[in-house]
Amino acid sequence: MKRRSIKHALVCSAVICAFTACTDVWEEHYQPNPDLNANMNLWEIIKNEEDLTNFAAFLEVTGYDTLLQENRFYTVWAPTNDAEFFKNNPIEKIKTASKSEREAYRKELIENHIADYSHVAGGIKQEDEDNLVKMLNGKYNRFENVSGSFTFKGVKLASENQIAKNGVLHKIGGYAAYTPSIWEQLQKDTSLESLYAYVAKDYKREYDENASIKGSVVDGIQEILDSAFRITNPWWNNHGYLNREDSSYTMFALNNEAWIKMQDMVKSYFVYPDSSVYDGISDSIAKDLVARHLVFSDKVNSKRYPKGDTLVSNYNMAYSWEKHLTFSGAELDKLYGAVVKTIDVSNGKLNIVDDIIYNPFKCWHDTIRVEGESLDNISGEVDQMKNVASKEVKYLDKDEDRELYDLISNRAIGVFKTETNKQPTFVFNIPNVLSACYKVSIVLLPPQLIDNDSSFIKPNKFTAKITYRGAEKQEEIALGTFISDSSKIDKIVLHECLKIPVCEYKMKDIKGAEKPVTKLTIASALEPGGR
């Protein structure tokens with residue numbers, strides 16, 4: 001709808017250029033002010049209007065008096081002198097305003113009341129409920145026909161359709177308040193400064209010469225009428241473009257207290273053995289995880305869950321292998337239960353929360369799954385998986401072998417068999433363990449999957465042990481001896497809660513760090529010749 005509105009504006013612009021103000025068509029459709037002077041530009045008209053002296057002063061302070069003299073079409077909705085904004089910001093105040101204050105005036109007042117192209121009141125029908133106009137600051141404000149009266153962002157027009165050489169002037173009897181985006185609200189709200197500091201750490205705003213509007217060359221110096229900037233932030237790429245006015249998001253923003261509380265909880269899972277080597281690693285990981293599932297796309301969620309009973313996080317939505325966090329039922333109630341304030345922003349809603357709203361550990365790294373391809377070492381006389389004869393590999397069918405298909409990657413099962421007295425031992429590397437409690441399980445498949453003659457098959461008997469990094473030294477714990485049922489897919493719990501005291505997440509990626517050492521060893525205890 002926004003794009004259609006802009007196209008419509010371009011058409012109107014062409015019409016205004018093609019017909020002078022005195023034509024019958026213009027008089028019939030747009031009812032121009034009989035006192036208009038189409039030989040004057042917008043700035044010349046505004047500075048001579050007695051009820052626009054305050055707005056004119058702000059145009060001069062921000063340099064927009066020059067822009068409105070250019071040969072380029074604009075529409076201006078000018079607040080009259082009695083607008084509440086000018087009572088709080090008198091002319092005497094703006095004359096001594098700092099650079100940052102003038103920048104705020106430019107963005108929040110001037111550019112929020114000026115749009116490219118021409119937008120005439122007579123061209124708006126009453127049924128056009130969503131006639132959005134893109135302003136110079138990128139915001140979208142509604143220009144509407146309400147029961148025959150025209151309004152701009154809900155403020156009634158005092159006069160309309162005053163034509164200039166380079167555009168159209170409307171007067172409004174008030175001020176179109178500036179509505180910040182989610183990104184701007186994060187930046188200005190001091191209760192969110194910890195969260196903002198993290199998500200803005202790689203934010204860049206760089207001058208874009210090609211996109212800037214150039215004026216005349218004076219004494220060999222190019223005059224810049226309106227500077228454009230290129231804005232980037234890698235965090236937006238993975239979570240949502242919170243600065244975009246043509247998007248709609250719901251964000252749950254942790255206030256400073258909740259940010260620290262959640263961060264401390266996450267850091268307890270990332271205890272490294274040597275703080276001198278891993279200094280700052282646990283802190284950066286914790287911040288990443290805490291901020292990972294706070295943004296939700298309104299478009300995506302309304303399409304997937306039109307009833308509004310489920311929210312799916314927007315994290316890395318372009319990549320299907322990433323694990324998104326889903327809130328529904330009691331979890332959704334908890335999410336909204338922590339909200340202390342909801343702010344309507346220009347591109348969605350910002351919910352400020354003051355407590356832990358989800359468990360980042362659960363949504364990110366709750367299960368470590370290791371399969372046969374990840375064997376670190378095999379001892380004993382066994383056929384390694386990569387050398388298994390083709391007759392001893394079964395390729396699974398998605399429909400016929402649904403349970404196995406979901407359990408096993410690459411759709412293939414390999415076979416290990418003993419031929420002599422040497423019993424096989426299998427050692428698995430367990431990557432990226434956290435300093436947390438783990439339930440350790442193993443899944444064994446029945447040999448009937450590849451061997452129809454299984455009358456001689458004996459139960460699997462094996463011992464298991466875990467080797468892991470302790471707080472001070474290498475630790476080993478024997479998990480016991482186990483016997484499986486060889487007639488079915490058998491899942492055996494080796495340990496209900498194995499506490500790993502030291503985290504090994506991403507250790508191999510850090511220069512000079514020790515390699516991960518957590519291993520699971522499975523040793524066969526069958527009699528020779530078993531399979």
# chains A, B, ... in the order shown; residues from 1 in each chain; ligands from 1

$ select_by_dssp --residues "region 32-119 of chain A" --states "strand (DSSP E or B)" --output "JSON, numbers by chain"
{"A": [74, 75, 76, 77, 78, 79, 114, 115, 116]}

$ select_by_dssp --residues "region 192-305 of chain A" --states "alpha helix (DSSP H)" --output "number ranges by chain"
A: 193-199, 234-239, 256-267, 275-278, 281-290, 298-304

$ atom_distance --atom1 "CA of Tyr64 (chain A)" --atom2 "CA of Ser181 (chain A)"
23.5 Å

$ residues_around --residues "Thr467 (chain A)" --least-positions-apart "2" --cutoff "10 Å" --atoms "only C-alpha atoms" --output "number ranges by chain"
A: 429-430, 465, 469-470, 474-478, 517-521

$ closest_residue --among "A:Asn233, A:Ser159, A:Asn131, A:Asn255" --to "Val146 (chain A)" --atoms "only C-alpha atoms"
A:Asn131

$ atom_distance --atom1 "CA of Ala38 (chain A)" --atom2 "CA of Ala164 (chain A)"
4.7 Å

$ residues_around --residues "Val340 (chain A)" --least-positions-apart "4" --cutoff "7 Å" --atoms "only C-alpha atoms" --output "list in words"
Ile352, Val353 and Asp354 of chain A

$ closest_residue --among "A:Asn432, A:Thr179, A:Asn243, A:Ser212" --to "Tyr272 (chain A)" --atoms "only C-alpha atoms"
A:Asn432

$ residues_around --residues "region 245-254 of chain A" --least-positions-apart "5" --cutoff "9 Å" --atoms "only C-alpha atoms" --output "VMD selection string"
chain A and resid 2 138 to 140 181 to 182 186 191 to 192 194 to 195 240 259 262 291 293 to 299 335 to 336 339 346 to 357

$ residues_around --residues "Asn166 (chain A)" --least-positions-apart "3" --cutoff "10 Å" --atoms "only C-alpha atoms" --output "mmCIF file with N, CA and C atoms, in the first residue's frame"
data_model
loop_
_atom_site.group_PDB
_atom_site.id
_atom_site.type_symbol
_atom_site.label_atom_id
_atom_site.label_comp_id
_atom_site.auth_asym_id
_atom_site.auth_seq_id
_atom_site.Cartn_x
_atom_site.Cartn_y
_atom_site.Cartn_z
ATOM 1 N N SER A 13 2.071 14.589 -9.246
ATOM 2 C CA SER A 13 3.133 15.532 -9.567
ATOM 3 C C SER A 13 3.123 15.870 -11.034
ATOM 4 N N ILE A 16 0.238 18.274 -11.835
ATOM 5 C CA ILE A 16 0.474 19.655 -11.413
ATOM 6 C C ILE A 16 1.438 20.351 -12.352
ATOM 7 N N CYS A 17 2.422 19.619 -12.850
ATOM 8 C CA CYS A 17 3.379 20.217 -13.775
ATOM 9 C C CYS A 17 2.743 20.517 -15.120
ATOM 10 N N ALA A 38 1.629 31.104 -7.946
ATOM 11 C CA ALA A 38 2.440 29.996 -8.418
ATOM 12 C C ALA A 38 3.802 30.456 -8.931
ATOM 13 N N ASN A 39 4.106 31.736 -8.847
ATOM 14 C CA ASN A 39 5.424 32.228 -9.240
ATOM 15 C C ASN A 39 6.406 32.211 -8.075
ATOM 16 N N MET A 40 5.937 31.834 -6.893
ATOM 17 C CA MET A 40 6.787 31.788 -5.706
ATOM 18 C C MET A 40 7.103 30.349 -5.347
ATOM 19 N N ASN A 41 8.293 30.118 -4.788
ATOM 20 C CA ASN A 41 8.620 28.765 -4.308
ATOM 21 C C ASN A 41 8.087 28.583 -2.887
ATOM 22 N N LEU A 42 8.205 27.379 -2.382
ATOM 23 C CA LEU A 42 7.641 27.056 -1.077
ATOM 24 C C LEU A 42 8.205 27.937 0.024
ATOM 25 N N TRP A 43 9.515 28.159 0.012
ATOM 26 C CA TRP A 43 10.110 28.957 1.066
ATOM 27 C C TRP A 43 9.604 30.400 1.030
ATOM 28 N N LEU A 68 13.849 24.201 0.228
ATOM 29 C CA LEU A 68 12.516 24.501 -0.285
ATOM 30 C C LEU A 68 12.517 25.582 -1.368
ATOM 31 N N GLN A 69 13.703 26.019 -1.754
ATOM 32 C CA GLN A 69 13.829 26.935 -2.886
ATOM 33 C C GLN A 69 14.287 26.215 -4.153
ATOM 34 N N GLU A 70 14.629 24.935 -4.001
ATOM 35 C CA GLU A 70 15.146 24.182 -5.136
ATOM 36 C C GLU A 70 14.035 23.814 -6.122
ATOM 37 N N ASN A 71 14.450 23.534 -7.338
ATOM 38 C CA ASN A 71 13.512 23.153 -8.390
ATOM 39 C C ASN A 71 13.199 21.658 -8.285
ATOM 40 N N ARG A 72 12.508 21.325 -7.221
ATOM 41 C CA ARG A 72 12.169 19.938 -6.939
ATOM 42 C C ARG A 72 10.864 19.927 -6.162
ATOM 43 N N PHE A 73 9.950 19.007 -6.490
ATOM 44 C CA PHE A 73 8.621 19.042 -5.898
ATOM 45 C C PHE A 73 8.593 18.469 -4.476
ATOM 46 N N TYR A 74 7.950 19.251 -3.575
ATOM 47 C CA TYR A 74 7.720 18.815 -2.203
ATOM 48 C C TYR A 74 6.284 19.137 -1.813
ATOM 49 N N THR A 75 5.807 18.425 -0.794
ATOM 50 C CA THR A 75 4.566 18.816 -0.112
ATOM 51 C C THR A 75 4.923 19.122 1.328
ATOM 52 N N TYR A 117 7.443 14.897 -3.710
ATOM 53 C CA TYR A 117 6.321 14.876 -4.656
ATOM 54 C C TYR A 117 5.162 15.722 -4.127
ATOM 55 N N SER A 118 4.083 15.774 -4.887
ATOM 56 C CA SER A 118 2.936 16.584 -4.486
ATOM 57 C C SER A 118 1.804 15.695 -4.010
ATOM 58 N N ILE A 163 -0.504 26.406 -3.816
ATOM 59 C CA ILE A 163 0.413 25.913 -4.834
ATOM 60 C C ILE A 163 1.623 26.824 -4.981
ATOM 61 N N LEU A 169 1.608 23.464 -0.441
ATOM 62 C CA LEU A 169 1.657 23.802 0.976
ATOM 63 C C LEU A 169 0.278 23.608 1.598
#

$ residues_around --residues "region 263-266 of chain A" --least-positions-apart "4" --cutoff "9 Å" --atoms "only C-alpha atoms" --output "ChimeraX atom specification"
/A:258-259,270,282-283,285-287,289-290,359-361
